[in-house]
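Remarks on the structure that follows.
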Amino acid sequence: MAVAATRPYDVLLVEDDAADAMLIQDALAERGTRNLTQVSDGIAALDYLRDPANERPDLIVLDLNMPRMNGREFLAVVKEDAELRTIPVVVLTTSAAPDDVTGAYHHHANAYVTKPVNLEEFEAAVRSIDAFYLDIAVKPPKA
């Protein structure tokens with residue numbers, strides 16, 4: 001049974017794997033995500049974030065392993081940018097390598113979640129991220 005979102009919010013999904021992106025979008029849509037934008041690498045994500053015509057996302061869900069600009073590089077840039085650093089970033093990736101986890105937190109990721117291999121667990125992990133940022137965490141007002 002899907003639970004409707006208690007308040008609308010915007011998610012920027014930075015994910016190059018089409019199948020994972022679809023699973024994430026489907027899991028978020030079950031809760032009524034108002035706006036989910038998917039880009040396939042860090043450069044496209046920065047272009048999106050820096051375009052004044054785009055809505056500022058309430059949450060960024062970030063894969064680490066992508067072409068052009070990977071998630072590690074993107075995270076470092078975003079968290080050094082005074083305009084973007086307050087956007088929560090959840091790393092959702094296949095890597096459980098200690099260096100990746102430590103590096104993500106070193107660059108101020110708000111959370112690090114390893115993608116489960118099992119479909120049900122994967123969807124549950126995405127819904128948990130969604131529920132925390134939608135129902136529990138307080139977000140700053142939109143400018």
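Each chain in the structure tokens gets a letter, A, B, ..., in the order shown, and its residues are numbered from 1; ligands are numbered from 1 in order too.
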
Would you mind listing what lies within 8 Å of Val90 (chain A) as an mmCIF file with C-alpha atoms, in the first residue's frame, with only C-alpha atoms counted and same-chain residues fewer than 4 positions away left out?
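Heads up, here's the output in out.cif:
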data_model
loop_
_atom_site.group_PDB
_atom_site.id
_atom_site.type_symbol
_atom_site.label_atom_id
_atom_site.label_comp_id
_atom_site.auth_asym_id
_atom_site.auth_seq_id
_atom_site.Cartn_x
_atom_site.Cartn_y
_atom_site.Cartn_z
ATOM 1 C CA LEU A 59 17.054 16.280 -2.054
ATOM 2 C CA ILE A 60 19.797 14.920 -4.301
ATOM 3 C CA VAL A 61 20.094 11.144 -4.646
ATOM 4 C CA LEU A 62 23.565 10.454 -6.001
ATOM 5 C CA ALA A 109 27.254 13.629 2.192
ATOM 6 C CA ASN A 110 24.176 13.598 4.399
ATOM 7 C CA ALA A 111 23.815 9.818 4.171
ATOM 8 C CA TYR A 112 25.394 6.825 2.447
ATOM 9 C CA VAL A 113 23.261 3.862 1.403
ATOM 10 C CA ILE A 129 15.358 7.522 2.197
#

For the interface of region 84-138 of chain A with region 21-40 of chain A (cut-off 7 Å, counting only C-alpha atoms), please tabulate each contacting residue of region 84-138 of chain A alongside its nearest pair of atoms and their separation in Å to one decimal, rows sorted by chain and increasing number, as a Markdown table.
| residue | atom | partner | partner_atom | distance |
| --- | --- | --- | --- | --- |
| A:Glu123 | CA | A:Ala27 | CA | 5.8 |
| A:Val126 | CA | A:Ile24 | CA | 6.4 |
| A:Arg127 | CA | A:Ala27 | CA | 6.1 |
| A:Asp130 | CA | A:Leu28 | CA | 6.7 |

Self-check item: All alpha helix (DSSP H) residues (DSSP, backbone) inside region 23-113 of chain A, as a PyMOL selection string
Solution: chain A and resi 23-29+42-50+71-80+98-106

Practice problem: Mind checking which residues fall within 7 Å of region 69-78 of chain A, counting only C-alpha atoms, ignoring those fewer than 3 positions away in the same chain, and posting them as a list of chain:residue names? | Solution: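 Those residues are A:Asp41, A:Gly42, A:Ile43, A:Leu62, A:Asp63, A:Leu64, A:Asn65, A:Met66, A:Asp81, A:Leu84, A:Arg85, A:Ala104, A:His107.
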
Convert the current residue selection to file output with all heavy atoms, as a short mmCIF file (atom, residue, chain, number, x, y, z; two decimals), in the first residue's frame.
data_model
loop_
_atom_site.label_atom_id
_atom_site.label_comp_id
_atom_site.auth_asym_id
_atom_site.auth_seq_id
_atom_site.Cartn_x
_atom_site.Cartn_y
_atom_site.Cartn_z
N ASP A 41 25.02 12.19 -14.98
CA ASP A 41 26.37 12.39 -14.45
C ASP A 41 26.45 13.72 -13.71
O ASP A 41 25.52 14.52 -13.73
CB ASP A 41 27.43 12.29 -15.55
CG ASP A 41 27.29 13.35 -16.62
OD1 ASP A 41 27.25 14.55 -16.29
OD2 ASP A 41 27.23 12.99 -17.81
N GLY A 42 27.60 13.94 -13.08
CA GLY A 42 27.78 15.14 -12.27
C GLY A 42 27.76 16.43 -13.06
O GLY A 42 27.28 17.45 -12.56
N ILE A 43 28.27 16.43 -14.27
CA ILE A 43 28.27 17.64 -15.08
C ILE A 43 26.83 18.05 -15.41
O ILE A 43 26.46 19.21 -15.26
CB ILE A 43 29.11 17.46 -16.37
CG1 ILE A 43 30.59 17.35 -16.00
CG2 ILE A 43 28.87 18.62 -17.34
CD1 ILE A 43 31.50 17.01 -17.15
N LEU A 62 22.35 10.45 -5.20
CA LEU A 62 23.57 10.45 -6.00
C LEU A 62 24.23 9.08 -6.07
O LEU A 62 24.52 8.48 -5.04
CB LEU A 62 24.56 11.45 -5.37
CG LEU A 62 25.95 11.56 -5.96
CD1 LEU A 62 25.90 12.14 -7.37
CD2 LEU A 62 26.82 12.42 -5.05
N ASP A 63 24.48 8.62 -7.29
CA ASP A 63 25.31 7.44 -7.51
C ASP A 63 26.76 7.90 -7.53
O ASP A 63 27.05 9.05 -7.87
CB ASP A 63 24.93 6.78 -8.84
CG ASP A 63 25.64 5.45 -9.06
OD1 ASP A 63 26.07 4.82 -8.08
OD2 ASP A 63 25.76 5.04 -10.23
N LEU A 64 27.69 7.04 -7.18
CA LEU A 64 29.11 7.42 -7.21
C LEU A 64 29.78 7.14 -8.54
O LEU A 64 30.60 7.92 -9.01
CB LEU A 64 29.89 6.68 -6.11
CG LEU A 64 29.66 7.10 -4.68
CD1 LEU A 64 30.59 6.33 -3.75
CD2 LEU A 64 29.83 8.59 -4.50
N ASN A 65 29.45 6.02 -9.16
CA ASN A 65 30.17 5.57 -10.35
C ASN A 65 29.43 5.96 -11.61
O ASN A 65 28.48 5.29 -12.02
CB ASN A 65 30.38 4.05 -10.27
CG ASN A 65 31.15 3.68 -9.03
OD1 ASN A 65 32.20 4.26 -8.75
ND2 ASN A 65 30.63 2.75 -8.25
N MET A 66 29.89 7.08 -12.21
CA MET A 66 29.27 7.61 -13.43
C MET A 66 30.35 8.15 -14.35
O MET A 66 31.45 8.46 -13.89
CB MET A 66 28.30 8.74 -13.08
CG MET A 66 27.14 8.32 -12.20
SD MET A 66 26.13 9.73 -11.73
CE MET A 66 27.24 10.64 -10.68
N ASP A 81 30.12 24.75 -2.72
CA ASP A 81 29.37 25.85 -3.32
C ASP A 81 28.37 26.41 -2.30
O ASP A 81 27.47 25.71 -1.85
CB ASP A 81 28.62 25.34 -4.55
CG ASP A 81 27.92 26.43 -5.33
OD1 ASP A 81 27.18 27.23 -4.72
OD2 ASP A 81 28.08 26.46 -6.56
N LEU A 84 24.69 25.85 -3.03
CA LEU A 84 24.19 24.48 -3.16
C LEU A 84 24.42 23.60 -1.94
O LEU A 84 23.74 22.59 -1.78
CB LEU A 84 24.84 23.81 -4.38
CG LEU A 84 24.66 24.51 -5.72
CD1 LEU A 84 25.45 23.80 -6.81
CD2 LEU A 84 23.20 24.63 -6.09
N ARG A 85 25.33 23.97 -1.08
CA ARG A 85 25.77 23.05 0.00
C ARG A 85 24.69 22.66 0.98
O ARG A 85 24.81 21.64 1.64
CB ARG A 85 26.98 23.62 0.73
CG ARG A 85 26.67 24.78 1.65
CD ARG A 85 27.87 25.20 2.49
NE ARG A 85 29.04 25.47 1.68
CZ ARG A 85 29.74 26.58 1.71
NH1 ARG A 85 29.44 27.53 2.55
NH2 ARG A 85 30.78 26.73 0.93
N ALA A 104 32.81 9.93 0.95
CA ALA A 104 31.50 10.60 0.81
C ALA A 104 31.21 11.45 2.03
O ALA A 104 30.81 12.62 1.91
CB ALA A 104 30.40 9.57 0.60
N HIS A 107 33.30 14.56 2.25
CA HIS A 107 32.78 15.63 1.39
C HIS A 107 31.36 16.03 1.79
O HIS A 107 30.63 16.64 1.01
CB HIS A 107 32.84 15.23 -0.08
CG HIS A 107 34.24 15.23 -0.62
ND1 HIS A 107 35.00 16.36 -0.75
CD2 HIS A 107 35.02 14.21 -1.03
CE1 HIS A 107 36.19 16.06 -1.22
NE2 HIS A 107 36.22 14.75 -1.40
#

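Computed from the coordinates, the CA of Ala82 (chain A) to CA of Glu55 (chain A) distance equals 16.9 Å.
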
Quiz prompt | Atom pair CA of Ala44 (chain A) / CA of Leu12 (chain A): separation (Å) | solution = 10.8 Å

Practice problem: Can you list, as a list in words, all residues belonging to region 62-128 of chain A that DSSP tags as strand (DSSP E)? | Solution: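 Restricting region 62-128 of chain A to strand (DSSP E) produces Leu62, Val89, Val90, Val91, Leu92, Thr93, Ala111, Tyr112, Val113 and Thr114 of chain A.
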
Could you dump the residues just selected with N, CA and C atoms as a JSON list (two decimals), in the first residue's frame?
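This is the output file again-v6.json:
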[["chain", "number", "residue", "atom", "x", "y", "z"],
["A", 62, "LEU", "N", 22.35, 10.45, -5.20],
["A", 62, "LEU", "CA", 23.57, 10.45, -6.00],
["A", 62, "LEU", "C", 24.23, 9.08, -6.07],
["A", 89, "VAL", "N", 22.30, 15.59, 0.34],
["A", 89, "VAL", "CA", 22.75, 14.64, -0.67],
["A", 89, "VAL", "C", 22.84, 13.26, -0.02],
["A", 90, "VAL", "N", 22.08, 12.32, -0.58],
["A", 90, "VAL", "CA", 22.15, 10.93, -0.15],
["A", 90, "VAL", "C", 22.86, 10.15, -1.25],
["A", 91, "VAL", "N", 23.98, 9.54, -0.90],
["A", 91, "VAL", "CA", 24.69, 8.67, -1.84],
["A", 91, "VAL", "C", 23.99, 7.32, -1.82],
["A", 92, "LEU", "N", 23.55, 6.87, -2.99],
["A", 92, "LEU", "CA", 22.92, 5.57, -3.17],
["A", 92, "LEU", "C", 23.71, 4.85, -4.25],
["A", 93, "THR", "N", 24.55, 3.90, -3.85],
["A", 93, "THR", "CA", 25.51, 3.33, -4.78],
["A", 93, "THR", "C", 25.74, 1.85, -4.48],
["A", 111, "ALA", "N", 24.02, 11.23, 3.87],
["A", 111, "ALA", "CA", 23.81, 9.82, 4.17],
["A", 111, "ALA", "C", 24.47, 9.00, 3.06],
["A", 112, "TYR", "N", 24.79, 7.75, 3.40],
["A", 112, "TYR", "CA", 25.39, 6.83, 2.45],
["A", 112, "TYR", "C", 24.63, 5.52, 2.55],
["A", 113, "VAL", "N", 24.05, 5.09, 1.43],
["A", 113, "VAL", "CA", 23.26, 3.86, 1.40],
["A", 113, "VAL", "C", 23.80, 2.98, 0.29],
["A", 114, "THR", "N", 24.10, 1.73, 0.62],
["A", 114, "THR", "CA", 24.54, 0.78, -0.39],
["A", 114, "THR", "C", 23.31, 0.16, -1.04]]

Practice problem: Choose the residue, out of A:Asn118, A:Ser95, A:Arg68, A:Leu134, that has the smallest atom-to-atom separation from Asp10 (chain A); count only C-alpha atoms. | Solution: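 Using only C-alpha atoms, the shortest distance to Asp10 (chain A) belongs to A:Leu134.
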
Quiz prompt | Among listed residues A:Ala131, A:Val138, A:Arg56, A:Asp17, nearest Glu83 (chain A) (using only C-alpha atoms) | solution =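 Closest to Glu83 (chain A) of all the choices is A:Arg56.
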
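Across the model, the gap from CA of Pro116 (chain A) to CA of Val101 (chain A) is 15.3 Å.
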